[in-house]
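Q: I'd like to ask some things about the structure below.
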Amino acid sequence: MTKEEQKSYMVSILEKIVNIPSPSGYTKEVMAALAAEAQSMGYHVEYNHKGGIIILVPGKSEQVLGLGAHGDTLGAMVRSVTKEGYLKIFPVGGYMMSTIEGEYCRIHCRRNGKTYSGTVLTTKPSVHVYDDCRTQDRVAENMEIRIDELVENDKDVEALGIGAGDFVSFAPRFEYTPSGFIKSRHLDDKASVAVLMTFLKYMHETGKKPERTLKIMFTNYEEIGHGASFIPQDIEEFLAVDMGALGDDLTGDERKVSICAMDSSGPYDYDMTNCLIRLAQEHGLDYAVDIFPHYGSDVSAALRGGNNIRGALIGQGVHASHGMERTHIHGMVNTLELVKAFAGVATDHD
C-alpha cells in the first residue's frame with residue numbers, strides 16, 4: 001500500500017464518516033459503518049455495552065496495546081418547542097454557541113425515525129429588525145432552530161413528530177483543498193478515526209503484524225467525558241489518538257503530530273511519552289510536544305474509571321477546535337506514522 005494510496009484512503013474514509021451524524025448518544029450508524037469496514041478487511045469486531053466497538057488485531061505477542069479514537073461528536077438536543085414553532089436546544093459537548101450560529105442542521109426524531117433539516121439561529125436573527133442583534137449574548141437560551149417545514153406553531157411541530165429529546169446534528173461541510181488542508185466540523189475526532197482505519201487498512205494490505213496484540217477502540221461518549229471509562233482488562237498500555245490543540249504558546253500546527261505531555265487530567269505516562277518522542281525523532285516525523293490545559297481524552301476517562309493502565313495521547317494538529325475545524329494531510333500522515341512506529345509496524349519513514 002503506497003503512501004499515496006494511504007492518503008487517498010484516509011481522506012475518503014474521513015469524508016464518509018464526517019457525513020454520518022453522530023453526536024454523543026446517537027452513534028449507532030457511524031459505529032455500524034466502522035464495524036462493517038473493519039470486518040470487510042477480515043478483522044474481528046465486537047461491541048461493548050455502551051455501543052462503542054473494539055477491533056482485534058493479533059500481534060506477535062499476547063501482550064495487549066490499546067489504541068483509541070472517538071467516533072462521537074458535538075451536537076445538540078431539542079429542549080423544547082416554542083409557541084411560534086421554533087426549537088430551543090441544549091448543547092451536547094462543550095462548544096461556543098457562536099460557532100453554530102447560521103449552521104445548517106438535522107433533527108433526528110425519536111418518535112417516528114424521520115429526519116428534518118433546519119438552521120441554527122439566534123432569537124434575533126436580522127439586522128433589519130432588531131437593534132441589539134449584534135450584541136445579544138450567544139448562549140443556549142438565545143439560540144433556536146428554524147425548521148424547513150411549513151410550521152406556524154408548536155402543534156404543527158408536534159404533528160411532525162419533533163419534540164424534546166430529539167438529537168440535532170450539524171452539517172460538517174467537508175472540503176479537501178488542493179493545498180492539502182482538510183476543513184470540516186467533527187475532525188475532533190473523526191480525523192483520528194480515519195488515521196486508525198488507515199492503519200488497519202495498511203496492515204491488511206501489506207500483511208504486516210504489530211509487535212503486540214492490538215485492541216483498537218472507537219468510543220462513543222468521549223465528548224461528554226466517559227468514552228473509555230471502561231476498557232478491556234488485558235490492555236496494559238493505552239494510546240489515545242485525538243486532536244492536537246493549537247494556539248497561544250503551543251508549538252504544534254496542522255502539519256505536525258502533537259504529543260501531549262499533560263492536559264487538564266494531569267501528566268500522561270512519563271515512559272510512554274518519552275518513547276513517543278524518541279520514535280518521532282528516529283523516524284524523522286514532524287512533531288510537537290505540548291500541554292493542553294483545557295483538554296481531556298479517552299485515556300483520562302480510562303484512568304478515572306480505575307483501569308490499571310499506562311496512558312499517552314497524540315494527534316494531528318486541529319485549528320479552531322470545537323468550531324469550524326481544519327487540519328492538514330501531512331499532520332494526519334505524521335500521526336499515522338507515529339502510530340505505526342509505536343505499534344512496532346515498520347513505517348514508510350524507515
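In the C-alpha cells, chains take letters A, B, ... by order of appearance, with residues numbered from 1 within each chain and ligands from 1 in the order shown.
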Mind listing the strand (DSSP E) residues of range 178-222 of chain A, per DSSP on the backbone, as a ChimeraX atom specification?
A: /A:181-184,212-219
Q: Those same residues, written as a tab-separated table (two decimals), in the first residue's frame with C-alpha atoms?
A:
```tsv
chain	number	residue	atom	x	y	z
A	181	PHE	CA	-5.89	21.14	4.04
A	182	ILE	CA	-8.95	19.30	5.31
A	183	LYS	CA	-11.60	21.56	6.76
A	184	SER	CA	-14.78	20.27	8.32
A	212	ARG	CA	1.80	-6.64	20.47
A	213	THR	CA	-1.80	-7.70	20.02
A	214	LEU	CA	-3.90	-4.61	19.36
A	215	LYS	CA	-7.36	-3.74	20.59
A	216	ILE	CA	-8.45	-0.70	18.62
A	217	MET	CA	-11.38	1.05	20.26
A	218	PHE	CA	-13.74	3.54	18.71
A	219	THR	CA	-15.59	5.09	21.62
```
Q: Excluding range 7-10 of chain A and residues on its chain fewer than 3 positions from it, collect all residues at most 9 Å away from it, counting only C-alpha atoms, and give them as JSON, numbers by chain.
A: {"A": [2, 3, 4, 13, 14, 15, 191, 194, 195, 196, 197, 198, 201, 329, 332, 333]}
Q: For His226 in chain A, work out the shell of residues within 12 Å, counting only C-alpha atoms and skipping chain neighbours fewer than 3 positions away, then give it as a list in words.
A: Ser24, Gly25, Lys50, Gly52, His70, Asp72, Gly93, Thr219, Asn220, Tyr221, Glu222, Glu223, Ser229, Phe230, Ile231, Gly296, Ser297, Asp298, Val299, Ser300, Ala301, Ala302, Leu303, Arg304 and Gly305 of chain A
Q: Please save N, CA, C and O atoms of the selected residues as a tab-separated table (two decimals), in the first residue's frame.
A:
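Result file follows (part_4.tsv):
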```
chain	number	residue	atom	x	y	z
A	24	SER	N	-22.71	12.66	20.55
A	24	SER	CA	-22.64	11.71	21.67
A	24	SER	C	-24.03	11.24	22.06
A	24	SER	O	-24.92	12.05	22.32
A	25	GLY	N	-24.21	9.91	22.07
A	25	GLY	CA	-25.50	9.33	22.40
A	25	GLY	C	-26.31	8.92	21.18
A	25	GLY	O	-27.34	8.27	21.31
A	50	LYS	N	-21.83	-0.08	25.83
A	50	LYS	CA	-22.14	1.33	25.60
A	50	LYS	C	-22.34	1.65	24.12
A	50	LYS	O	-22.74	2.75	23.78
A	52	GLY	N	-19.82	1.34	21.74
A	52	GLY	CA	-18.56	1.51	21.04
A	52	GLY	C	-18.09	0.18	20.48
A	52	GLY	O	-18.64	-0.88	20.81
A	70	HIS	N	-12.29	8.53	19.14
A	70	HIS	CA	-13.74	8.58	19.40
A	70	HIS	C	-14.52	8.98	18.16
A	70	HIS	O	-14.14	9.89	17.43
A	72	ASP	N	-17.80	9.78	18.35
A	72	ASP	CA	-18.88	10.72	18.68
A	72	ASP	C	-18.40	12.15	18.49
A	72	ASP	O	-17.20	12.43	18.52
A	93	GLY	N	-21.90	18.34	24.39
A	93	GLY	CA	-20.48	18.64	24.29
A	93	GLY	C	-20.21	20.11	24.50
A	93	GLY	O	-21.13	20.94	24.51
A	219	THR	N	-14.66	4.81	20.54
A	219	THR	CA	-15.59	5.09	21.62
A	219	THR	C	-16.67	6.06	21.16
A	219	THR	O	-16.54	6.71	20.12
A	220	ASN	N	-17.73	6.17	21.95
A	220	ASN	CA	-18.89	6.94	21.50
A	220	ASN	C	-19.47	7.88	22.55
A	220	ASN	O	-20.58	8.40	22.35
A	221	TYR	N	-18.72	8.14	23.63
A	221	TYR	CA	-19.18	9.12	24.62
A	221	TYR	C	-18.02	10.01	25.09
A	221	TYR	O	-18.09	10.57	26.18
A	222	GLU	N	-16.97	10.15	24.27
A	222	GLU	CA	-15.81	10.92	24.71
A	222	GLU	C	-16.13	12.40	24.92
A	222	GLU	O	-15.64	13.01	25.86
A	223	GLU	N	-16.94	12.97	24.04
A	223	GLU	CA	-17.21	14.40	24.13
A	223	GLU	C	-17.94	14.80	25.41
A	223	GLU	O	-17.94	15.98	25.77
A	229	SER	N	-14.23	5.01	29.77
A	229	SER	CA	-14.17	4.82	31.22
A	229	SER	C	-14.01	3.36	31.61
A	229	SER	O	-13.49	3.05	32.68
A	230	PHE	N	-14.43	2.45	30.72
A	230	PHE	CA	-14.19	1.02	30.92
A	230	PHE	C	-13.60	0.46	29.64
A	230	PHE	O	-14.16	0.65	28.56
A	231	ILE	N	-12.46	-0.22	29.77
A	231	ILE	CA	-11.79	-0.80	28.60
A	231	ILE	C	-11.44	-2.25	28.91
A	231	ILE	O	-11.46	-2.67	30.07
A	296	GLY	N	-9.27	17.02	27.73
A	296	GLY	CA	-9.26	15.70	28.34
A	296	GLY	C	-9.43	14.67	27.24
A	296	GLY	O	-9.88	15.01	26.15
A	297	SER	N	-9.08	13.42	27.49
A	297	SER	CA	-9.10	12.41	26.43
A	297	SER	C	-9.73	11.12	26.93
A	297	SER	O	-10.11	10.99	28.10
A	298	ASP	N	-9.80	10.15	26.05
A	298	ASP	CA	-10.28	8.82	26.44
A	298	ASP	C	-9.34	8.17	27.44
A	298	ASP	O	-9.78	7.35	28.26
A	299	VAL	N	-8.05	8.48	27.39
A	299	VAL	CA	-7.14	7.96	28.41
A	299	VAL	C	-7.49	8.56	29.77
A	299	VAL	O	-7.48	7.87	30.79
A	300	SER	N	-7.84	9.85	29.79
A	300	SER	CA	-8.28	10.48	31.04
A	300	SER	C	-9.47	9.73	31.63
A	300	SER	O	-9.52	9.44	32.83
A	301	ALA	N	-10.44	9.42	30.76
A	301	ALA	CA	-11.64	8.69	31.21
A	301	ALA	C	-11.28	7.30	31.69
A	301	ALA	O	-11.81	6.81	32.71
A	302	ALA	N	-10.36	6.63	30.98
A	302	ALA	CA	-9.96	5.28	31.36
A	302	ALA	C	-9.26	5.27	32.72
A	302	ALA	O	-9.51	4.39	33.56
A	303	LEU	N	-8.40	6.25	32.97
A	303	LEU	CA	-7.69	6.32	34.25
A	303	LEU	C	-8.66	6.66	35.38
A	303	LEU	O	-8.60	6.07	36.46
A	304	ARG	N	-9.58	7.59	35.12
A	304	ARG	CA	-10.56	7.94	36.15
A	304	ARG	C	-11.49	6.76	36.43
A	304	ARG	O	-12.03	6.64	37.53
A	305	GLY	N	-11.69	5.89	35.43
A	305	GLY	CA	-12.53	4.71	35.61
A	305	GLY	C	-11.87	3.60	36.39
A	305	GLY	O	-12.48	2.55	36.62
```
Q: Which of range 71-222 of chain A end up as alpha helix (DSSP H) when DSSP is run on this backbone - answer as a list in words?
A: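 Filtering range 71-222 of chain A down to alpha helix (DSSP H) leaves Asp154, Lys155, Asp156, Val157, Glu158, Ala159, Leu160, Leu187, Asp188, Asp189, Lys190, Ala191, Ser192, Val193, Ala194, Val195, Leu196, Met197, Thr198, Phe199, Leu200, Lys201, Tyr202, Met203, His204, Glu205 and Thr206 of chain A.
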Q: Using only C-alpha atoms, find the one residue out of A:Ala245, A:Cys109, A:Val289, A:Val57 that sits nearest to His204 in chain A.
A: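 Ranked by minimum distance to His204 in chain A, first place goes to A:Val57.
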Q: Kindly give the distance, in Å, that separates CA of Ile53 in chain A and CA of Ile17 in chain A, rounded to a single decimal.
A: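 Computing the Euclidean distance for CA of Ile53 in chain A and CA of Ile17 in chain A yields 14.8 Å.
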Q: Could you name the residues that touch Gly207 in chain A at 12 Å or less, counting only C-alpha atoms, but leaving out those on the same chain fewer than 2 positions away, as a list in words?
A: Met1, Met41, Gly42, Val57, Pro58, Gly59, Phe199, Leu200, Lys201, Tyr202, Met203, His204, Glu205, Lys209, Pro210, Val345 and Ala346 of chain A
Q: Kindly give the distance, in Å, that separates CA of Asp269 in chain A and CA of Pro293 in chain A, rounded to a single decimal.
A: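 Computing the Euclidean distance for CA of Asp269 in chain A and CA of Pro293 in chain A yields 16.4 Å.
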Q: Return the single residue from A:Arg138, A:Arg110, A:Lys190, A:His330 that is closest to Val30 in chain A, with distances computed using only C-alpha atoms.
A: A:Lys190
Q: To one decimal place in Å, what is the distance between CA of Ser126 in chain A and CA of Phe90 in chain A?
A: 22.2 Å
Q: Counting only C-alpha atoms, which of A:Ala69, A:Ala38, A:Val127, A:Ile54 gets nearest to Gly227 in chain A?
A: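 Residue with the minimum atom-to-atom distance to Gly227 in chain A: A:Ala69.
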